[in-house]
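Engineer: I'm passing along start39.txt; it holds compact mmCIF, C-alpha atoms.
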# COMPACT_ATOMS: atom_id res chain seq x y z
CA MET A 1 21.49 38.95 2.79
CA SER A 2 22.83 35.64 1.56
CA ALA A 3 20.66 32.57 1.87
CA VAL A 4 21.82 30.46 4.79
CA ALA A 5 20.60 26.91 5.10
CA THR A 6 18.68 26.67 8.36
CA ARG A 7 19.44 23.68 10.50
CA PHE A 8 16.31 22.41 12.17
CA LYS A 9 17.10 21.22 15.68
CA ASP A 10 14.22 18.76 15.70
CA LYS A 11 15.17 15.97 13.26
CA ALA A 12 12.07 13.87 14.01
CA PRO A 13 9.14 16.26 14.40
CA LEU A 14 6.61 13.45 14.15
CA GLN A 15 8.08 11.84 17.27
CA THR A 16 7.91 15.14 19.15
CA LEU A 17 4.28 15.50 18.13
CA ALA A 18 3.60 11.93 19.26
CA LYS A 19 5.16 12.58 22.67
CA ALA A 20 3.26 15.82 23.07
CA SER A 21 0.01 14.13 22.16
CA LYS A 22 0.58 11.26 24.59
CA SER A 23 0.87 13.70 27.48
CA CYS A 24 -2.62 15.04 26.71
CA ALA A 25 -4.54 11.81 27.06
CA THR A 26 -7.65 13.21 28.80
CA GLN A 27 -8.28 15.90 26.20
CA SER A 28 -7.63 13.39 23.41
CA LEU A 29 -10.17 10.98 24.91
CA ALA A 30 -12.75 13.75 25.26
CA TYR A 31 -12.35 14.70 21.61
CA GLY A 32 -12.52 11.06 20.57
CA LYS A 33 -15.73 10.54 22.52
CA CYS A 34 -17.28 13.61 20.91
CA ILE A 35 -16.57 12.23 17.45
CA GLY A 36 -17.55 8.71 18.44
CA LYS A 37 -21.04 9.91 19.46
CA SER A 38 -21.94 10.85 15.89
CA TYR A 39 -19.28 9.51 13.54
CA GLN A 40 -21.89 8.56 10.93
CA ASP A 41 -22.45 12.18 9.90
CA VAL A 42 -19.40 14.26 10.65
CA SER A 43 -19.48 17.93 9.74
CA LYS A 44 -16.77 20.55 9.83
CA ASP A 45 -15.86 21.83 13.32
CA MET A 46 -18.39 19.50 14.90
CA CYS A 47 -16.18 19.08 17.97
CA GLN A 48 -14.31 22.36 17.79
CA ALA A 49 -14.34 23.03 21.54
CA GLU A 50 -12.91 19.66 22.53
CA PHE A 51 -10.33 19.81 19.73
CA GLN A 52 -9.21 23.29 20.76
CA ALA A 53 -8.66 22.10 24.33
CA PHE A 54 -6.67 19.12 22.98
CA LYS A 55 -4.66 21.32 20.62
CA ASP A 56 -3.83 23.87 23.34
CA CYS A 57 -2.50 21.09 25.56
CA VAL A 58 -0.43 19.64 22.71
CA GLN A 59 0.96 23.03 21.72
CA LYS A 60 2.08 23.65 25.30
CA SER A 61 3.85 20.31 25.37
CA PHE A 62 5.26 20.61 21.84
CA GLY A 63 6.73 24.03 22.58
CA ARG A 64 5.28 26.08 19.75
CA ARG A 65 1.94 27.11 18.37
CA TRP A 66 0.70 26.56 14.82
CA MET B 1 -15.48 53.73 -11.32
CA ARG B 2 -13.04 50.82 -11.13
CA LEU B 3 -15.17 49.12 -8.46
CA LEU B 4 -18.15 49.33 -10.77
CA ALA B 5 -16.13 47.83 -13.61
CA ARG B 6 -14.94 44.94 -11.40
CA SER B 7 -18.47 44.13 -10.31
CA LEU B 8 -19.63 44.21 -13.89
CA THR B 9 -16.96 41.75 -15.01
CA ARG B 10 -17.80 39.49 -12.10
CA SER B 11 -21.45 39.30 -13.14
CA LEU B 12 -20.48 38.39 -16.71
CA ARG B 13 -19.22 34.92 -15.89
CA GLY B 14 -17.24 32.98 -18.46
CA TYR B 15 -17.75 29.28 -18.88
CA ALA B 16 -14.82 26.94 -19.35
CA THR B 17 -14.89 24.72 -22.41
CA LEU B 18 -12.56 21.95 -23.51
CA SER B 19 -10.10 23.36 -25.98
CA PRO B 20 -10.24 21.62 -29.36
CA HIS B 21 -6.44 21.55 -29.34
CA ILE B 22 -6.07 19.11 -26.41
CA PRO B 23 -5.16 15.67 -27.79
CA PRO B 24 -7.11 12.66 -26.49
CA PRO B 25 -5.37 10.63 -23.76
CA GLN B 26 -2.69 8.30 -25.19
CA ALA B 27 -1.71 6.14 -22.25
CA ALA B 28 -3.75 4.29 -19.67
CA TYR B 29 -4.64 6.20 -16.54
CA THR B 30 -1.69 6.08 -14.15
CA VAL B 31 -2.84 5.41 -10.63
CA PHE B 32 0.49 5.48 -8.85
CA ASP B 33 3.52 7.68 -9.09
CA GLU B 34 6.18 5.01 -9.64
CA PRO B 35 9.31 7.22 -9.47
CA SER B 36 8.08 8.60 -6.14
CA LYS B 37 7.54 5.09 -4.84
CA ALA B 38 11.10 4.10 -5.78
CA ARG B 39 12.43 7.23 -4.06
CA GLN B 40 10.37 6.49 -0.94
CA ARG B 41 11.77 2.96 -0.79
CA ASP B 42 15.32 4.26 -1.28
CA ARG B 43 14.88 6.73 1.57
CA ALA B 44 13.32 4.07 3.80
CA VAL B 45 16.35 1.83 3.30
CA LEU B 46 18.73 4.71 4.01
CA ARG B 47 17.07 5.29 7.38
CA ALA B 48 18.78 3.58 10.32
CA ASP B 49 17.63 -0.03 10.25
CA SER B 50 14.93 -0.85 7.77
CA THR B 51 15.11 -4.57 8.58
CA ILE B 52 13.21 -3.92 11.82
CA VAL B 53 10.01 -3.14 9.94
CA ASP B 54 10.20 -6.16 7.63
CA TYR B 55 7.88 -8.23 9.84
CA LEU B 56 4.88 -7.91 7.53
CA ARG B 57 6.87 -8.85 4.43
CA HIS B 58 8.41 -11.82 6.24
CA GLU B 59 5.01 -13.05 7.31
CA ILE B 60 3.67 -12.80 3.77
CA ALA B 61 6.84 -14.42 2.40
CA ASP B 62 6.49 -17.36 4.81
CA ARG B 63 2.92 -17.94 3.74
CA LEU B 64 3.89 -17.72 0.07
CA SER B 65 6.69 -20.25 0.51
CA GLU B 66 4.22 -22.61 2.22
CA ARG B 67 2.17 -22.53 -0.95
CA MET B 68 5.27 -23.16 -3.02
CA GLU B 69 6.02 -26.25 -0.93
CA ASP B 70 2.68 -27.72 -2.01
CA LEU B 71 3.91 -28.06 -5.59
CA LYS B 72 4.82 -31.58 -6.73
CA THR B 73 8.08 -30.52 -8.37
CA PRO B 74 9.77 -27.38 -7.06
CA PRO B 75 10.54 -24.98 -9.92
CA ALA B 76 14.05 -24.69 -11.33
CA SER B 77 13.96 -20.93 -11.80
CA ILE B 78 12.04 -18.34 -9.81
CA LEU B 79 11.55 -14.64 -10.45
CA GLU B 80 10.44 -12.33 -7.66
CA VAL B 81 8.64 -9.28 -9.04
CA ALA B 82 8.44 -5.99 -7.09
CA ALA B 83 10.76 -7.70 -4.68
CA HIS B 84 11.85 -4.87 -2.35
CA ALA B 85 14.73 -6.59 -0.52
CA GLY B 86 13.68 -10.06 -1.61
CA PRO B 87 11.99 -11.62 1.45
CA VAL B 88 10.19 -14.23 -0.62
CA THR B 89 13.42 -15.34 -2.25
CA ARG B 90 15.01 -15.68 1.16
CA ALA B 91 12.10 -17.76 2.47
CA LEU B 92 12.18 -19.93 -0.67
CA GLN B 93 15.91 -20.51 -0.42
CA GLU B 94 15.32 -21.87 3.07
CA THR B 95 12.46 -24.15 2.08
CA ILE B 96 13.28 -25.43 -1.41
CA GLY B 97 17.02 -24.94 -1.46
CA GLY B 98 19.59 -23.23 -3.59
CA ASP B 99 20.29 -25.34 -6.67
CA ARG B 100 17.87 -23.21 -8.68
CA SER B 101 18.13 -19.83 -10.37
CA TYR B 102 16.71 -16.96 -8.38
CA TYR B 103 15.98 -13.57 -9.90
CA LEU B 104 14.97 -10.37 -8.12
CA LEU B 105 13.27 -7.49 -9.89
CA GLU B 106 12.79 -4.22 -8.05
CA GLU B 107 12.57 -0.55 -8.98
CA SER B 108 14.36 0.84 -5.94
CA LYS B 109 18.09 0.31 -6.29
CA LEU B 110 18.89 0.57 -2.60
CA ALA B 111 16.22 -1.89 -1.55
CA LEU B 112 17.38 -4.30 -4.26
CA GLN B 113 20.98 -4.21 -3.04
CA ARG B 114 20.18 -4.22 0.66
CA ASP B 115 20.31 -7.90 1.61
CA THR B 116 22.72 -10.76 1.06
CA PHE B 117 21.47 -14.26 0.40
CA ASP B 118 22.75 -17.75 1.19
CA HIS B 119 22.56 -18.76 -2.47
CA PRO B 120 23.31 -16.64 -5.52
CA VAL B 121 20.59 -14.36 -6.90
CA THR B 122 20.51 -12.22 -10.02
CA ARG B 123 19.36 -8.67 -9.27
CA ILE B 124 17.53 -6.74 -11.95
CA HIS B 125 16.87 -3.05 -11.43
CA ALA B 126 13.66 -2.35 -13.33
CA SER B 127 10.05 -1.37 -12.84
CA PRO B 128 7.44 -4.19 -12.73
CA SER B 129 5.44 -2.40 -15.40
CA LYS B 130 8.37 -2.86 -17.83
CA LEU B 131 8.99 -6.47 -16.95
CA VAL B 132 9.22 -8.04 -20.40
CA GLU B 133 11.80 -5.53 -21.66
CA ALA B 134 13.98 -5.89 -18.60
CA PHE B 135 13.76 -9.67 -18.26
CA PRO B 136 14.33 -11.53 -21.53
CA HIS B 137 14.43 -15.02 -19.97
CA LYS B 138 11.67 -17.50 -19.18
CA VAL B 139 11.24 -18.91 -15.70
CA GLU B 140 9.23 -21.75 -14.24
CA ALA B 141 7.75 -19.76 -11.37
CA ALA B 142 7.09 -16.15 -10.49
CA VAL B 143 6.34 -14.84 -7.02
CA SER B 144 5.52 -11.46 -5.64
CA SER B 145 4.66 -9.91 -2.32
CA GLY B 146 4.16 -6.31 -3.32
CA LEU B 147 2.03 -5.91 -6.43
CA HIS B 148 -0.29 -3.44 -4.70
CA TRP B 149 1.87 -0.57 -5.98
CA VAL B 150 1.50 -1.52 -9.62
CA GLY B 151 -1.05 0.71 -11.35
CA ASP B 152 -1.88 -1.50 -14.32
CA ILE B 153 -2.23 -4.79 -12.48
CA VAL B 154 -3.68 -6.75 -15.41
CA GLY B 155 -0.85 -5.50 -17.63
CA CYS B 156 1.71 -6.57 -15.07
CA LEU B 157 0.09 -9.99 -14.63
CA THR B 158 0.06 -10.41 -18.42
CA GLN B 159 3.75 -9.60 -18.57
CA ILE B 160 4.38 -12.12 -15.79
CA ARG B 161 2.52 -14.73 -17.84
CA HIS B 162 4.79 -13.89 -20.79
CA VAL B 163 7.98 -14.51 -18.83
CA LEU B 164 6.70 -17.83 -17.52
CA LYS B 165 7.33 -21.08 -19.36
CA PRO B 166 4.29 -23.16 -20.37
CA ASP B 167 2.84 -24.88 -17.29
CA GLY B 168 4.58 -22.30 -15.12
CA VAL B 169 3.10 -21.01 -11.91
CA PHE B 170 2.56 -17.54 -10.49
CA ILE B 171 2.11 -17.34 -6.70
CA GLY B 172 1.59 -13.78 -5.61
CA ALA B 173 0.32 -11.76 -2.69
CA VAL B 174 -1.35 -8.39 -2.94
CA LEU B 175 -2.76 -6.23 -0.19
CA GLY B 176 -6.52 -6.22 -0.60
CA GLY B 177 -9.22 -3.59 -0.28
CA ASP B 178 -9.85 -3.90 3.44
CA SER B 179 -6.22 -3.30 4.41
CA LEU B 180 -5.68 -0.44 6.81
CA PHE B 181 -9.37 0.37 6.79
CA GLU B 182 -9.06 1.62 10.38
CA LEU B 183 -6.38 4.13 9.36
CA ARG B 184 -8.29 5.15 6.24
CA THR B 185 -11.55 5.79 8.10
CA SER B 186 -9.86 7.62 10.97
CA LEU B 187 -8.01 9.92 8.59
CA GLN B 188 -11.19 10.55 6.59
CA LEU B 189 -13.22 11.40 9.68
CA ALA B 190 -10.45 13.61 11.03
CA GLU B 191 -10.08 15.46 7.76
CA GLN B 192 -13.84 15.81 7.42
CA GLU B 193 -14.18 17.28 10.88
CA ARG B 194 -11.10 19.48 10.81
CA ARG B 195 -11.04 20.57 7.17
CA GLY B 196 -14.48 19.90 5.79
CA GLY B 197 -13.35 17.53 3.02
CA ILE B 198 -11.35 14.36 2.49
CA ALA B 199 -8.21 13.58 0.55
CA ASN B 200 -6.98 10.26 -0.80
CA ARG B 201 -4.62 9.11 1.93
CA VAL B 202 -4.70 5.32 1.65
CA SER B 203 -4.16 3.82 -1.78
CA PRO B 204 -6.92 2.06 -3.69
CA MET B 205 -6.41 -1.67 -3.37
CA ILE B 206 -7.96 -4.52 -5.27
CA ASN B 207 -11.19 -6.12 -4.17
CA PRO B 208 -10.52 -9.77 -3.30
CA THR B 209 -13.61 -10.77 -5.29
CA ASP B 210 -12.05 -9.20 -8.40
CA ALA B 211 -8.79 -11.14 -8.13
CA PRO B 212 -9.92 -14.26 -10.04
CA SER B 213 -11.12 -12.20 -12.98
CA LEU B 214 -7.85 -10.24 -13.01
CA LEU B 215 -5.92 -13.49 -13.26
CA ASN B 216 -8.20 -14.80 -16.00
CA ARG B 217 -7.88 -11.60 -18.00
CA ALA B 218 -4.11 -11.96 -17.81
CA GLY B 219 -4.42 -15.41 -19.32
CA PHE B 220 -3.80 -17.65 -16.33
CA THR B 221 -5.68 -20.94 -15.91
CA LEU B 222 -6.49 -23.00 -12.83
CA THR B 223 -6.62 -19.85 -10.71
CA THR B 224 -6.91 -20.01 -6.95
CA VAL B 225 -7.47 -17.03 -4.72
CA ASP B 226 -7.60 -16.97 -0.94
CA VAL B 227 -7.63 -14.14 1.53
CA GLU B 228 -5.93 -13.95 4.92
CA ASP B 229 -6.21 -11.11 7.38
CA ILE B 230 -3.14 -10.20 9.37
CA THR B 231 -3.90 -7.91 12.31
CA ILE B 232 -0.98 -6.14 13.93
CA HIS B 233 -1.36 -4.10 17.09
CA TYR B 234 0.48 -0.84 17.63
CA PRO B 235 0.61 1.42 20.68
CA SER B 236 -0.82 4.35 18.70
CA ILE B 237 -1.26 5.79 15.23
CA TRP B 238 2.22 7.35 15.36
CA GLU B 239 3.99 4.01 15.51
CA LEU B 240 1.78 2.61 12.75
CA MET B 241 2.48 5.54 10.43
CA SER B 242 6.21 5.63 11.08
CA ASP B 243 6.44 1.88 10.46
CA LEU B 244 4.50 2.23 7.22
CA ARG B 245 6.89 4.95 6.14
CA ASP B 246 9.94 2.87 7.09
CA MET B 247 8.58 -0.10 5.13
CA GLY B 248 8.53 2.15 2.08
CA GLU B 249 4.75 2.06 1.97
CA SER B 250 4.06 5.80 2.05
CA ASN B 251 1.38 7.28 -0.13
CA ALA B 252 2.30 7.37 -3.81
CA ILE B 253 -1.02 7.99 -5.49
CA MET B 254 -0.73 10.25 -8.54
CA GLY B 255 -2.05 13.69 -7.69
CA ARG B 256 -2.04 13.10 -3.95
CA LYS B 257 -2.05 15.85 -1.36
CA THR B 258 1.59 15.84 -0.33
CA SER B 259 1.17 17.27 3.16
CA VAL B 260 -1.05 16.46 6.10
CA SER B 261 -1.52 19.01 8.83
CA ARG B 262 -0.74 18.39 12.48
CA ASP B 263 -4.36 19.13 13.38
CA VAL B 264 -5.59 16.31 11.17
CA LEU B 265 -2.98 13.89 12.55
CA LEU B 266 -3.90 14.69 16.15
CA ALA B 267 -7.58 14.34 15.39
CA ALA B 268 -6.97 11.05 13.58
CA GLU B 269 -5.06 9.68 16.57
CA ALA B 270 -7.95 10.41 18.92
CA ILE B 271 -10.55 9.02 16.51
CA TYR B 272 -8.57 5.82 15.82
CA LYS B 273 -8.31 5.14 19.56
CA GLU B 274 -12.00 5.85 20.07
CA LEU B 275 -13.39 3.84 17.18
CA HIS B 276 -10.96 0.92 17.02
CA GLY B 277 -8.82 0.99 20.16
CA VAL B 278 -8.30 -2.12 22.26
CA GLU B 279 -6.32 -2.63 25.44
CA GLU B 280 -3.16 -3.62 23.59
CA GLY B 281 -3.29 -0.41 21.60
CA ILE B 282 -4.75 -0.05 18.14
CA PRO B 283 -5.20 -2.81 15.56
CA ALA B 284 -4.15 -2.43 11.95
CA THR B 285 -5.60 -4.97 9.53
CA PHE B 286 -3.66 -6.08 6.49
CA GLN B 287 -5.87 -8.09 4.18
CA VAL B 288 -3.52 -10.23 2.08
CA VAL B 289 -4.94 -11.73 -1.10
CA PHE B 290 -2.96 -14.77 -2.25
CA MET B 291 -3.31 -15.53 -5.95
CA ILE B 292 -2.12 -18.65 -7.71
CA GLY B 293 -2.34 -19.00 -11.48
CA TRP B 294 -0.85 -21.37 -14.04
CA THR B 295 0.16 -20.61 -17.60
CA PRO B 296 -1.54 -22.88 -20.14
CA GLY B 297 0.40 -26.09 -20.62
CA PRO B 298 0.03 -29.33 -22.56
CA ASN B 299 -0.95 -31.69 -19.74
CA GLN B 300 -3.26 -29.45 -17.77
CA PRO B 301 -6.74 -30.77 -16.91
CA LYS B 302 -9.36 -28.96 -18.90
CA PRO B 303 -13.15 -28.88 -18.41
CA LEU B 304 -14.90 -31.62 -20.41
CA GLU B 305 -17.22 -30.96 -23.34
CA ARG B 306 -20.87 -30.31 -22.58
CA GLY B 307 -22.92 -33.49 -22.83
CA SER B 308 -19.99 -35.86 -22.25
CA GLY B 309 -21.01 -36.73 -18.67
CA THR B 310 -21.67 -40.43 -17.98
CA THR B 311 -23.10 -40.38 -14.45
CA ASN B 312 -26.62 -39.16 -13.75
CA LEU B 313 -26.74 -36.94 -10.71
CA LYS B 314 -30.11 -38.39 -9.75
CA ASP B 315 -28.45 -41.76 -9.07
CA VAL B 316 -25.93 -40.20 -6.72
CA LEU B 317 -28.15 -37.91 -4.68
Would it be possible to restate this file's structure as C-alpha cells?

Structural biologist:
Amino acid sequence: MSAVATRFKDKAPLQTLAKASKSCATQSLAYGKCIGKSYQDVSKDMCQAEFQAFKDCVQKSFGRRW
Amino acid sequence: MRLLARSLTRSLRGYATLSPHIPPPQAAYTVFDEPSKARQRDRAVLRADSTIVDYLRHEIADRLSERMEDLKTPPASILEVAAHAGPVTRALQETIGGDRSYYLLEESKLALQRDTFDHPVTRIHASPSKLVEAFPHKVEAAVSSGLHWVGDIVGCLTQIRHVLKPDGVFIGAVLGGDSLFELRTSLQLAEQERRGGIANRVSPMINPTDAPSLLNRAGFTLTTVDVEDITIHYPSIWELMSDLRDMGESNAIMGRKTSVSRDVLLAAEAIYKELHGVEEGIPATFQVVFMIGWTPGPNQPKPLERGSGTTNLKDVL
C-alpha cells in the first residue's frame, strides 16, 4: 500500500483543546482546588480522581479519547 | 535454561565508565538551540499576522528609546542586535529621527525582512553570537531587546563592545529570571503531579543581580541596570502560550523535551487559574532588565585615586 499523506481536519488542535477545556470549568476548578490545597509537596497522581473527571469531560467535548 | 541464563546475566551488572577515547569538550556549553530558534521565528512570521503579538516588543522598545533620549548627543549610527523585526529601530526613528545610519542584525531571515521603515536601514542576516564576523563596521550605539536567547551572553556583550566606537553606548533589554514564573511553576506542578517529574519548559534567564557583573566582564564602564516588571493579563493559559509561540518565543533550550502531553497542559491550565488567577484572567509577568554600558573613552569620569579626597566626612555629617 502506497504511503498517502493524511490530511488532518483539525488545523489548530490547541484551540480545540482550549475550547473543550473551557466547557469543563467546574471539573477544572475542582482539580485546581485539590492541587492548591497542598501545592508545596506535590506527588504523582495526588489528585487523580479530580483529574480523571476533568479529563473525561474534556475528552467528551474534544471528540476523541487519548 | 534460557530463563536461568537471563537471570544470571541480570545479576552480574556492568558498570559504565567513561571511555578513554572521548575527547574533552572543545566549545563552551551551548544553552540554546540557535537554528531551532531561527526556524521558530520564521514560522511565527509566516503565520497569519505576527504583528498582533508585537505588543511586548513595542513596550520594551518604547522604554529603550526613552533611555536613548536621555543622551546628550544622539548617536550617529545605531546597531540593533537580535532585532527580530526591528521594533527598537522603529521607535528610535520616531524619537531621534532618520539622518543616522541604522543597522539591523537578526538570525531569522523572515523576521528581518518583515517590516518596512520610514528611514533606510541596513539589514544583516547573521546570528548575534557571530556578530564581529558579520558586522565589520563600528557604530556609536548598540541596542537590543531580545538577548535572552543568546547562550553565551558575556561573549555576545564582548562582541558588542568590539563593534562600538570608544565612548559608545550599549542600551539593551533582556528578560530576567522572574519572567513567566507563573507559567513555569504551573507547568512544573502539573508535570510533577501528572508525570512524576519535571522537564525544562521555560528557559533559564539571567538574574537581575548578575547583570552588572556581566556588563563589567564584557568590558563596559559606567554600567547602569534597572528592572521593570510588565504584567500582562490573558484570559487563560491557552492564549498566553499561543501568543508566546506567535512571538517566536517558543522553547529552544538544547536537549529540551520536544512534546508536552495534553494531560499536562490541561492540568497546568487548572493550576495556573488556581494559584495565580485574578478576575481579569491570569497574569503573566515579564521582568525586563534594562542594561546600559559605555565603552571606555578618553573623557569619561573615572574614580579618583585613594587618599586624594579633600573633604572630611566628619565636617559634613

Engineer: Quick check, in Å to one decimal: how far apart do CA of Ile198 in chain B and CA of Gly177 in chain B lie?

Structural biologist: 18.3 Å

Engineer: Dump as a ChimeraX atom specification the residues of chain B that approach chain A to within 10 Å, counting only C-alpha atoms.

Structural biologist: /B:186,188-197,236-239,241-242,261-263,265-275

Engineer: Here is a test: counting all atoms listed in the file, which residue of A:Phe62, A:Arg7, A:Cys57, A:Pro13 is nearest to Thr26 in chain A?

Structural biologist: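 Closest candidate: A:Cys57.
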
Engineer: Neighbouring residues of range 130-141 of chain B were defined as those with any atom within 6 Å, considering only C-alpha atoms; residues of the same chain fewer than 5 positions away were excluded. Please report them as a VMD selection string.

Structural biologist: chain B and resid 75 77 to 78 159 163 to 165 168 to 170

Engineer: Please measure the separation of CA of Arg184 in chain B and CA of Gln40 in chain B, giving the value in Å to one decimal.

Structural biologist: 20.0 Å

Engineer: Please report the interatomic distance between CA of Leu147 in chain B and CA of Pro128 in chain B in Å with one decimal.

Structural biologist: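 Value for the CA of Leu147 in chain B-CA of Pro128 in chain B distance: 8.5 Å.
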
Engineer: Quick one: residues within 8 Å of Ala252 in chain B, all atoms listed in the file, excluding same-chain residues fewer than 5 positions away - as a list in words?

Structural biologist: Phe32, Asp33, Glu34, Ser36, Lys37 and Ser203 of chain B
